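Here is my_file35.txt, consisting of compact mmCIF, C-alpha atoms:
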```
# COMPACT_ATOMS: atom_id res chain seq x y z
CA MET J 1261 0.00 0.00 0.00
CA LEU J 1262 2.74 2.45 1.03
CA LEU J 1263 4.98 1.65 -1.93
CA LYS J 1264 2.05 1.70 -4.34
CA THR J 1265 0.97 5.16 -3.19
CA PHE J 1266 4.40 6.74 -2.78
CA GLY J 1267 6.19 4.80 -5.52
CA TRP J 1268 6.08 7.65 -8.03
CA SER J 1269 7.25 10.10 -5.38
CA PHE J 1270 10.25 7.91 -4.54
CA ALA J 1271 11.07 7.53 -8.24
CA VAL J 1272 10.77 11.28 -8.91
CA THR J 1273 12.97 12.00 -5.88
CA ALA J 1274 15.71 9.64 -7.08
CA ILE J 1275 15.63 10.98 -10.64
CA GLY J 1276 15.35 14.61 -9.51
CA LEU J 1277 18.25 14.44 -7.07
CA ALA J 1278 20.41 12.60 -9.59
CA LEU J 1279 19.60 15.24 -12.21
CA ALA J 1280 20.40 18.03 -9.76
CA GLY J 1281 23.76 16.43 -8.96
CA VAL J 1282 24.66 16.08 -12.63
CA LEU J 1283 23.59 19.59 -13.65
CA TRP J 1284 24.60 21.66 -10.61
CA GLY J 1285 26.94 19.48 -8.55
CA TRP J 1286 26.81 18.85 -4.81
CA GLN J 1287 25.62 22.39 -4.07
CA GLY J 1288 22.68 22.06 -6.45
CA LEU J 1289 21.87 18.65 -5.00
CA ALA J 1290 21.75 20.12 -1.50
CA ILE J 1291 19.59 23.06 -2.60
CA VAL J 1292 17.05 20.81 -4.32
CA GLY J 1293 16.89 18.58 -1.23
CA ILE J 1294 16.34 21.58 1.08
CA LEU J 1295 13.60 22.97 -1.16
CA SER J 1296 11.83 19.60 -1.21
CA ILE J 1297 11.79 19.46 2.59
CA LEU J 1298 10.66 23.10 2.72
CA GLU J 1299 7.71 22.39 0.43
CA ILE J 1300 6.63 19.31 2.41
CA SER J 1301 6.79 21.12 5.76
CA LEU J 1302 4.86 24.12 4.43
CA SER J 1303 2.18 22.09 2.68
CA PHE J 1304 1.35 19.17 4.99
CA ASP J 1305 -1.90 20.87 5.94
CA ASN J 1306 -2.63 21.16 2.22
CA ALA J 1307 -2.59 17.34 1.98
CA VAL J 1308 -5.20 17.02 4.74
CA ILE J 1309 -7.48 19.60 3.11
CA ASN J 1310 -7.06 18.01 -0.30
CA ALA J 1311 -7.87 14.58 1.14
CA GLY J 1312 -11.17 15.89 2.49
CA ILE J 1313 -12.13 16.91 -1.04
CA LEU J 1314 -10.48 14.09 -2.97
CA ARG J 1315 -12.35 11.37 -1.08
CA LYS J 1316 -15.53 12.62 -2.77
CA MET J 1317 -14.06 11.67 -6.16
CA ASN J 1318 -13.76 8.26 -7.77
CA ALA J 1319 -10.50 6.43 -8.57
CA PHE J 1320 -10.33 8.00 -12.05
CA TRP J 1321 -10.26 11.57 -10.73
CA GLN J 1322 -7.81 10.60 -8.02
CA LYS J 1323 -5.48 9.47 -10.82
CA ILE J 1324 -6.09 12.73 -12.69
CA PHE J 1325 -5.13 14.59 -9.52
CA LEU J 1326 -1.87 12.63 -9.33
CA THR J 1327 -0.98 12.97 -13.02
CA VAL J 1328 -2.42 16.08 -14.66
CA GLY J 1329 -2.61 17.79 -11.29
CA ILE J 1330 1.07 17.28 -10.53
CA LEU J 1331 2.02 18.67 -13.94
CA ILE J 1332 0.02 21.80 -13.16
CA ALA J 1333 1.55 22.00 -9.70
CA VAL J 1334 5.17 21.54 -10.78
CA PHE J 1335 5.37 23.22 -14.17
CA GLY J 1336 2.45 25.60 -13.75
CA MET J 1337 2.87 26.97 -10.24
CA ARG J 1338 6.57 26.34 -9.55
CA LEU J 1339 8.02 27.26 -12.95
CA VAL J 1340 5.56 29.09 -15.21
CA PHE J 1341 3.73 31.13 -12.55
CA PRO J 1342 6.78 33.15 -11.35
CA VAL J 1343 7.68 33.86 -14.98
CA ILE J 1344 4.16 35.12 -15.72
CA ILE J 1345 4.22 37.30 -12.60
CA VAL J 1346 7.47 38.90 -13.76
CA ALA J 1347 6.13 39.35 -17.31
CA VAL J 1348 2.96 41.07 -16.07
CA THR J 1349 4.53 43.28 -13.41
CA ALA J 1350 7.55 44.28 -15.52
CA LYS J 1351 5.41 44.63 -18.67
CA MET J 1352 7.56 42.32 -20.77
CA SER J 1353 6.90 39.24 -22.88
CA PRO J 1354 7.10 35.76 -21.29
CA ILE J 1355 10.16 34.99 -23.45
CA GLU J 1356 11.92 38.10 -22.12
CA ALA J 1357 10.98 37.05 -18.59
CA VAL J 1358 12.50 33.59 -19.15
CA ASN J 1359 15.70 35.16 -20.53
CA LEU J 1360 15.80 37.40 -17.47
CA ALA J 1361 15.36 34.43 -15.16
CA ILE J 1362 18.26 32.61 -16.82
CA ASN J 1363 20.68 35.48 -17.48
CA ASP J 1364 19.92 38.02 -14.72
CA LYS J 1365 18.75 36.01 -11.72
CA ASP J 1366 19.11 38.84 -9.20
CA LYS J 1367 16.82 41.17 -11.16
CA TYR J 1368 14.36 38.33 -11.73
CA GLU J 1369 14.26 37.63 -7.99
CA HIS J 1370 13.72 41.33 -7.29
CA LEU J 1371 10.76 41.51 -9.68
CA VAL J 1372 9.11 38.40 -8.22
CA THR J 1373 9.62 39.74 -4.69
CA ALA J 1374 8.15 43.09 -5.72
CA ALA J 1375 4.99 41.26 -6.83
CA HIS J 1376 4.67 39.63 -3.40
CA PRO J 1377 1.98 42.03 -2.03
CA ALA J 1378 -0.41 41.12 -4.85
CA ILE J 1379 0.36 37.40 -4.56
CA ALA J 1380 0.01 37.41 -0.77
CA ALA J 1381 -3.28 39.32 -0.85
CA PHE J 1382 -4.82 36.98 -3.42
CA GLY J 1383 -3.66 33.79 -1.70
CA GLY J 1384 -4.29 35.09 1.80
CA ILE J 1385 -7.93 36.01 1.20
CA PHE J 1386 -8.61 32.81 -0.75
CA LEU J 1387 -7.24 30.66 2.08
CA LEU J 1388 -8.99 32.80 4.67
CA MET J 1389 -12.33 32.07 3.01
CA ILE J 1390 -11.66 28.32 3.22
CA PHE J 1391 -10.99 28.68 6.95
CA LEU J 1392 -13.96 30.95 7.62
CA ASP J 1393 -16.46 28.77 5.78
CA PHE J 1394 -15.23 25.80 7.81
CA ILE J 1395 -15.22 27.50 11.21
CA PHE J 1396 -18.63 29.17 10.72
CA GLU J 1397 -20.32 25.91 9.70
CA GLU J 1398 -22.47 23.96 12.14
CA ARG J 1399 -20.97 20.48 12.59
CA ASP J 1400 -21.57 17.50 14.85
CA ILE J 1401 -17.91 16.97 15.73
CA ARG J 1402 -16.06 19.91 17.27
CA TRP J 1403 -12.40 20.04 18.25
CA LEU J 1404 -12.35 23.30 20.22
CA GLY J 1405 -15.98 23.42 21.28
CA TRP J 1406 -15.60 26.58 23.38
CA LEU J 1407 -14.62 28.45 20.18
CA GLU J 1408 -16.38 26.58 17.40
CA LYS J 1409 -19.85 26.49 18.97
CA PRO J 1410 -20.36 30.30 19.19
CA LEU J 1411 -18.71 30.81 15.78
CA ALA J 1412 -21.11 28.29 14.24
CA LYS J 1413 -24.00 30.39 15.54
CA LEU J 1414 -22.54 33.49 13.90
CA GLY J 1415 -22.19 31.50 10.69
CA LYS J 1416 -25.97 31.18 10.44
CA LEU J 1417 -25.95 34.76 9.18
CA ASP J 1418 -25.82 34.71 5.37
CA THR J 1419 -22.55 35.88 3.78
CA PHE J 1420 -20.99 36.41 7.21
CA SER J 1421 -17.71 34.84 6.12
CA ILE J 1422 -17.55 37.20 3.13
CA VAL J 1423 -18.11 40.20 5.39
CA VAL J 1424 -15.31 39.07 7.71
CA ALA J 1425 -12.93 38.44 4.79
CA LEU J 1426 -13.61 41.88 3.30
CA LEU J 1427 -13.10 43.48 6.71
CA VAL J 1428 -9.76 41.70 7.09
CA LEU J 1429 -8.79 42.80 3.57
CA LEU J 1430 -9.71 46.42 4.34
CA ILE J 1431 -7.67 46.40 7.55
CA THR J 1432 -4.72 44.84 5.72
CA ALA J 1433 -4.88 47.37 2.88
CA THR J 1434 -5.00 50.35 5.25
CA THR J 1435 -2.26 49.13 7.60
CA VAL J 1436 0.43 46.74 6.39
CA ALA J 1437 -0.01 47.68 2.71
CA THR J 1438 0.61 51.41 3.19
CA ASP J 1439 4.39 51.10 3.53
CA VAL J 1440 5.52 47.87 1.94
CA ALA J 1441 9.03 46.52 2.35
CA HIS J 1442 8.78 44.45 -0.89
CA GLY J 1443 9.20 46.91 -3.70
CA GLY J 1444 8.53 49.91 -1.45
CA GLY J 1445 5.73 52.43 -1.55
CA ASP J 1446 2.01 52.33 -0.97
CA LYS J 1447 0.41 49.10 -2.22
CA THR J 1448 -3.09 49.74 -0.88
CA ALA J 1449 -4.83 49.65 -4.27
CA THR J 1450 -2.84 46.57 -5.38
CA VAL J 1451 -3.67 44.66 -2.20
CA LEU J 1452 -7.36 45.60 -2.37
CA LEU J 1453 -7.68 44.56 -6.02
CA SER J 1454 -5.78 41.29 -5.54
CA GLY J 1455 -7.69 40.43 -2.37
CA VAL J 1456 -11.04 40.97 -4.09
CA ALA J 1457 -9.81 38.81 -6.98
CA GLY J 1458 -8.94 36.04 -4.50
CA LEU J 1459 -12.38 36.31 -2.92
CA LEU J 1460 -14.16 36.20 -6.28
CA THR J 1461 -12.08 33.21 -7.39
CA TYR J 1462 -13.08 31.31 -4.25
CA LEU J 1463 -16.77 32.17 -4.66
CA ILE J 1464 -16.86 31.28 -8.37
CA VAL J 1465 -14.92 28.01 -8.33
CA GLY J 1466 -16.28 26.84 -4.98
CA GLY J 1467 -19.81 27.89 -5.90
CA ILE J 1468 -19.82 26.05 -9.22
CA SER J 1469 -18.41 22.84 -7.73
CA GLY J 1470 -20.90 23.04 -4.86
CA TYR J 1471 -23.77 23.57 -7.30
CA PHE J 1472 -22.94 20.44 -9.28
CA GLU J 1473 -22.47 18.43 -6.09
CA ASP J 1474 -25.92 19.48 -4.89
CA LYS J 1475 -27.48 18.70 -8.28
CA LEU J 1476 -25.86 15.28 -8.27
CA GLU J 1477 -27.24 14.49 -4.82
CA GLU J 1478 -30.73 15.68 -5.85
CA GLU J 1479 -30.70 13.51 -8.98
CA GLU J 1480 -29.56 10.46 -7.00
CA ASP J 1481 -32.26 11.03 -4.36
CA GLU J 1482 -34.93 11.38 -7.05
CA ASP J 1483 -33.80 8.17 -8.75
CA GLU J 1484 -33.89 6.30 -5.44
CA ASP J 1485 -37.39 7.60 -4.69
CA ASP J 1486 -38.62 6.63 -8.16
CA GLU J 1487 -37.17 3.14 -7.84
CA ALA J 1488 -38.70 2.68 -4.40
CA GLY J 1489 -42.10 3.88 -5.64
CA GLU J 1490 -42.14 1.56 -8.66
CA ALA J 1491 -40.99 -1.38 -6.59
CA GLY J 1492 -43.60 -0.71 -3.91
CA GLY J 1493 -46.40 -1.14 -6.44
CA GLU J 1494 -45.11 -4.47 -7.76
CA GLY J 1495 -44.76 -6.51 -4.56
CA ASP J 1496 -42.36 -7.04 -1.74
CA GLU J 1497 -39.88 -9.19 -3.65
CA GLU J 1498 -39.47 -6.69 -6.44
CA ALA J 1499 -39.14 -3.94 -3.84
CA LYS J 1500 -36.18 -5.77 -2.38
CA ALA J 1501 -34.64 -6.41 -5.78
CA ALA J 1502 -34.87 -2.84 -7.06
CA PRO J 1503 -32.15 -1.31 -4.85
CA ASN J 1504 -29.79 -4.13 -5.83
CA ALA J 1505 -30.53 -3.55 -9.50
CA GLN J 1506 -29.80 0.13 -9.04
CA LEU J 1507 -26.49 -0.58 -7.32
CA ASN J 1508 -25.52 -2.81 -10.24
CA GLY J 1509 -26.33 -0.01 -12.68
CA SER J 1510 -29.33 -1.74 -14.25
CA GLY J 1511 -32.15 0.33 -12.80
CA GLY J 1512 -33.49 3.83 -13.22
CA GLY J 1513 -33.96 4.14 -16.95
CA GLY J 1514 -31.68 5.41 -19.68
CA SER J 1515 -31.98 9.19 -19.50
CA GLY J 1516 -31.92 9.38 -15.72
CA GLY J 1517 -28.72 7.32 -15.48
CA THR J 1518 -26.99 9.39 -18.16
CA SER J 1519 -27.90 12.63 -16.40
CA VAL J 1520 -26.47 11.44 -13.12
CA MET J 1521 -23.23 10.32 -14.80
CA GLY J 1522 -22.93 13.67 -16.56
CA LEU J 1523 -23.46 15.61 -13.37
CA ALA J 1524 -20.97 13.41 -11.56
CA GLY J 1525 -18.37 14.24 -14.20
CA LYS J 1526 -19.03 17.97 -13.97
CA ALA J 1527 -18.99 17.91 -10.19
CA ALA J 1528 -15.68 16.05 -10.15
CA PHE J 1529 -14.20 18.38 -12.77
CA PHE J 1530 -15.01 21.53 -10.82
CA LEU J 1531 -13.84 19.94 -7.59
CA PHE J 1532 -10.58 19.22 -9.42
CA LEU J 1533 -10.34 22.89 -10.43
CA TYR J 1534 -11.07 23.87 -6.84
CA LEU J 1535 -8.26 21.59 -5.66
CA GLU J 1536 -5.84 23.16 -8.11
CA VAL J 1537 -6.71 26.69 -6.97
CA ILE J 1538 -6.20 25.61 -3.36
CA ASP J 1539 -2.83 24.12 -4.28
CA ALA J 1540 -1.91 27.35 -6.05
CA SER J 1541 -2.76 29.39 -2.97
CA PHE J 1542 -0.71 27.08 -0.77
CA SER J 1543 2.26 27.26 -3.13
CA PHE J 1544 2.56 31.06 -3.01
CA ASP J 1545 4.49 31.13 0.26
CA GLY J 1546 6.67 28.22 -0.86
CA VAL J 1547 7.63 29.91 -4.15
CA ILE J 1548 8.42 33.23 -2.47
CA GLY J 1549 10.23 31.52 0.40
CA ALA J 1550 12.32 29.49 -2.04
CA PHE J 1551 14.15 32.66 -3.08
CA ALA J 1552 15.78 32.64 0.35
CA VAL J 1553 17.50 29.42 -0.76
CA THR J 1554 18.12 30.03 -4.48
CA ASN J 1555 17.12 32.34 -7.32
CA ASP J 1556 17.62 29.71 -10.02
CA ILE J 1557 14.13 28.95 -11.36
CA PHE J 1558 15.06 25.44 -12.47
CA GLU J 1559 16.51 24.42 -9.10
CA MET J 1560 13.43 25.95 -7.52
CA ALA J 1561 10.98 24.13 -9.79
CA LEU J 1562 12.74 20.79 -9.30
CA GLY J 1563 12.99 21.04 -5.51
CA LEU J 1564 9.47 22.34 -4.94
CA GLY J 1565 8.15 19.89 -7.51
CA ILE J 1566 9.56 16.91 -5.62
CA GLY J 1567 7.94 18.21 -2.44
CA ALA J 1568 4.62 18.76 -4.25
CA MET J 1569 4.71 15.15 -5.46
CA TYR J 1570 4.95 13.89 -1.88
CA ILE J 1571 2.05 16.10 -0.83
CA ARG J 1572 -0.12 14.62 -3.56
CA SER J 1573 0.87 11.07 -2.68
CA LEU J 1574 0.15 11.80 0.97
CA THR J 1575 -3.27 13.13 -0.02
CA VAL J 1576 -4.16 9.90 -1.80
CA PHE J 1577 -2.72 7.86 1.10
CA LEU J 1578 -4.98 9.67 3.58
CA VAL J 1579 -8.00 9.01 1.36
CA ARG J 1580 -7.33 5.31 0.79
CA ARG J 1581 -6.51 4.61 4.42
CA GLY J 1582 -9.61 6.46 5.64
CA THR J 1583 -7.40 8.47 7.98
CA LEU J 1584 -9.78 11.43 8.15
CA ASP J 1585 -12.56 9.11 9.33
CA ASP J 1586 -10.33 7.48 11.96
CA TYR J 1587 -8.81 10.73 13.23
CA VAL J 1588 -11.74 13.10 13.13
CA TYR J 1589 -9.97 16.25 14.33
CA LEU J 1590 -7.34 16.24 11.57
CA GLU J 1591 -9.50 18.35 9.27
CA HIS J 1592 -10.03 20.82 12.09
CA GLY J 1593 -6.30 21.14 12.67
CA ALA J 1594 -5.63 21.56 8.96
CA HIS J 1595 -8.22 24.31 8.66
CA TYR J 1596 -6.79 26.14 11.66
CA ALA J 1597 -3.39 25.85 9.96
CA ILE J 1598 -4.95 27.35 6.83
CA GLY J 1599 -6.30 30.24 8.87
CA ALA J 1600 -2.85 30.80 10.37
CA LEU J 1601 -1.22 30.64 6.92
CA ALA J 1602 -3.74 33.15 5.54
CA VAL J 1603 -2.90 35.61 8.31
CA ILE J 1604 0.84 35.03 7.84
CA LEU J 1605 0.55 35.68 4.09
CA LEU J 1606 -1.23 38.98 4.71
CA VAL J 1607 1.28 40.03 7.36
CA THR J 1608 4.21 39.24 5.02
CA ILE J 1609 3.01 41.98 2.71
CA LYS J 1610 5.05 44.27 4.97
CA TYR J 1611 6.97 42.12 7.46
CA GLU J 1612 9.40 39.27 6.92
CA ILE J 1613 8.39 35.97 8.57
CA ASN J 1614 10.78 33.04 8.41
CA GLU J 1615 9.48 30.03 6.49
CA VAL J 1616 10.46 27.77 9.40
CA ILE J 1617 7.90 29.56 11.58
CA THR J 1618 5.25 29.22 8.89
CA GLY J 1619 5.90 25.51 8.54
CA LEU J 1620 6.04 24.88 12.29
CA VAL J 1621 2.67 26.56 12.90
CA GLY J 1622 0.96 24.14 10.53
CA VAL J 1623 2.82 21.09 11.83
CA VAL J 1624 2.04 21.94 15.48
CA LEU J 1625 -1.68 22.49 14.81
CA ILE J 1626 -2.04 19.26 12.84
CA ALA J 1627 -0.01 17.30 15.41
CA ALA J 1628 -2.24 18.66 18.19
CA SER J 1629 -5.41 17.70 16.29
CA TYR J 1630 -3.98 14.23 15.63
CA TRP J 1631 -3.19 13.68 19.31
CA SER J 1632 -6.67 14.91 20.27
CA SER J 1633 -8.14 12.39 17.81
CA VAL J 1634 -6.06 9.58 19.33
CA ARG J 1635 -7.24 10.48 22.84
CA ARG J 1636 -10.86 10.60 21.63
CA ASN J 1637 -10.53 7.15 20.04
CA ARG J 1638 -9.07 5.74 23.26
CA ARG J 1639 -11.92 7.20 25.33
CA GLU J 1640 -14.52 5.74 22.99
CA ALA J 1641 -12.79 2.35 22.98
CA ALA J 1642 -12.65 2.34 26.78
CA ALA J 1643 -16.31 3.33 27.00
CA GLY J 1644 -17.20 0.52 24.60
CA GLU J 1645 -15.29 -2.03 26.70
CA ASP J 1646 -17.02 -0.84 29.87
CA SER J 1647 -20.40 -1.14 28.19
CA GLU J 1648 -19.62 -4.71 27.06
CA ALA J 1649 -18.41 -5.67 30.52
CA LYS J 1650 -21.61 -4.37 32.11
CA THR J 1651 -23.70 -6.26 29.57
CA GLU J 1652 -21.85 -9.51 30.35
CA VAL J 1653 -22.32 -9.03 34.09
CA THR J 1654 -26.02 -8.34 33.64
CA SER J 1655 -26.41 -11.39 31.42
CA GLY J 1656 -24.57 -13.57 33.96
CA VAL J 1657 -26.83 -12.45 36.77
```
Write-out of the structure in structure tokens:
Amino acid sequence: MLLKTFGWSFAVTAIGLALAGVLWGWQGLAIVGILSILEISLSFDNAVINAGILRKMNAFWQKIFLTVGILIAVFGMRLVFPVIIVAVTAKMSPIEAVNLAINDKDKYEHLVTAAHPAIAAFGGIFLLMIFLDFIFEERDIRWLGWLEKPLAKLGKLDTFSIVVALLVLLITATTVATDVAHGGGDKTATVLLSGVAGLLTYLIVGGISGYFEDKLEEEEDEDEDDEAGEAGGEGDEEAKAAPNAQLNGSGGGGSGGTSVMGLAGKAAFFLFLYLEVIDASFSFDGVIGAFAVTNDIFEMALGLGIGAMYIRSLTVFLVRRGTLDDYVYLEHGAHYAIGALAVILLVTIKYEINEVITGLVGVVLIAASYWSSVRRNRREAAAGEDSEAKTEVTSGV
């Protein structure tokens, strides 16, 4: 199971490190290794969040996430994205930006760093919305009940999370964005525009995927009701057979079945897009932080790409092992880590925060949620054993 899930990651690591050693020597090998570890430490919470979404998809879309998704993550976000940012901000063609990245690495790094306020505002608000929608939702299982219970009540107000996100964006734009260290000057308008773009992206992609999910569930419920009604009029035996026929794909009629399959495909597709946008938002801090290690875009893409591969493999591992069902507070910890990362991204518009701190915050929160889940499982197991013992004593008497 472990080798099957992480096999590609191990292979990519071996090939990537060997390639780094051949092209850049021992120094390049060390840099690529450091960047890989940096990406894994910064994005572990991303794997937990992705797993919560990926488990809604079938095996086909999980494979798409591991193949097409990793190409987008490595070549799109870790290599092409910084080049596009430089091309847009410096008003040059992508080819000129690539030449700059290869021939004048210091200037290229400066231009990417100067674009950090816009990147941080977009990613920060997008991630903040993920956290807010989670924390304001009413749920049966709570990790920090003293905090989550009152926040869930506030979440009953429509668009409350949007109001909070816009308020945070306004405060950020009028405080930390007024005198920016990256690039200098007042970046209020840039931060406001980028933050609103991040909010709109979240609402559009998340809204579309949610719409198709809801439609899929409605169609499936309608099909089940129709099958139950038809079976009820034809006798008890046929009533029992109908659900089995439906599970085997032989019930429900031609058009109804096709509609459900189509909706399932659309729902999975937009969930996939949602996953990729989440991954993009998580990668912002990693890409910017990587410049503290190297300003060579190819070393950066290779190192961060290896780390991204492990995060994707870990995501699939969590789904297939049912880890989120066994350790119920993991999603809570990951969402709190997302909230912390969102705040850190917004703060870094003006202030430098070491990537080690960013990574440790996420690791500590997820570790705490994991330990809380273990303790909960032990309590429930002990309670179950006590209940069985009492039953045996009662039966013996």
| query | Got a sec: who's within 6 Å of segment 1449-1452 of chain J, counting all atoms listed in the file, leaving out chain neighbours fewer than 6 positions off, as a PyMOL selection string? | reply | chain J and resi 1378+1381+1433
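A straight line drawn from atom CA of Ser1301 of chain J to atom CA of Leu1263 of chain J is 21.0 Å long.
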Can I get the residues of segment 1563-1642 of chain J within 7 Å of segment 1284-1298 of chain J, each with the closest pair of atoms and their distance in Å to one decimal, using only C-alpha atoms, sorted chain first then ascending number, as a tab-separated table?
```
residue	atom	partner	partner_atom	distance
J:Gly1563	CA	J:Val1292	CA	4.2
J:Leu1564	CA	J:Ser1296	CA	5.2
J:Ile1566	CA	J:Ser1296	CA	5.6
J:Gly1567	CA	J:Ser1296	CA	4.3
```
Write out as CSV a residue-level contact list of segment 1367-1409 of chain J versus segment 1636-1641 of chain J with cut-off 12 Å: for each qualifying residue the closest pair of atoms and the distance in Å to one decimal, counting only C-alpha atoms, rows sorted by chain and residue number upward.
```
residue,atom,partner,partner_atom,distance
J:Ile1401,CA,J:Arg1636,CA,11.2
J:Arg1402,CA,J:Arg1636,CA,11.5
J:Trp1403,CA,J:Arg1636,CA,10.1
```
| task | Could you check which of J:Leu1606, J:Leu1326, J:Leu1392, J:Ile1557 is closest to Val1358 of chain J, using only C-alpha atoms? | result | J:Ile1557
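As for atom CA of Ala1307 of chain J and atom CA of Arg1572 of chain J, they are spaced 6.6 Å apart.
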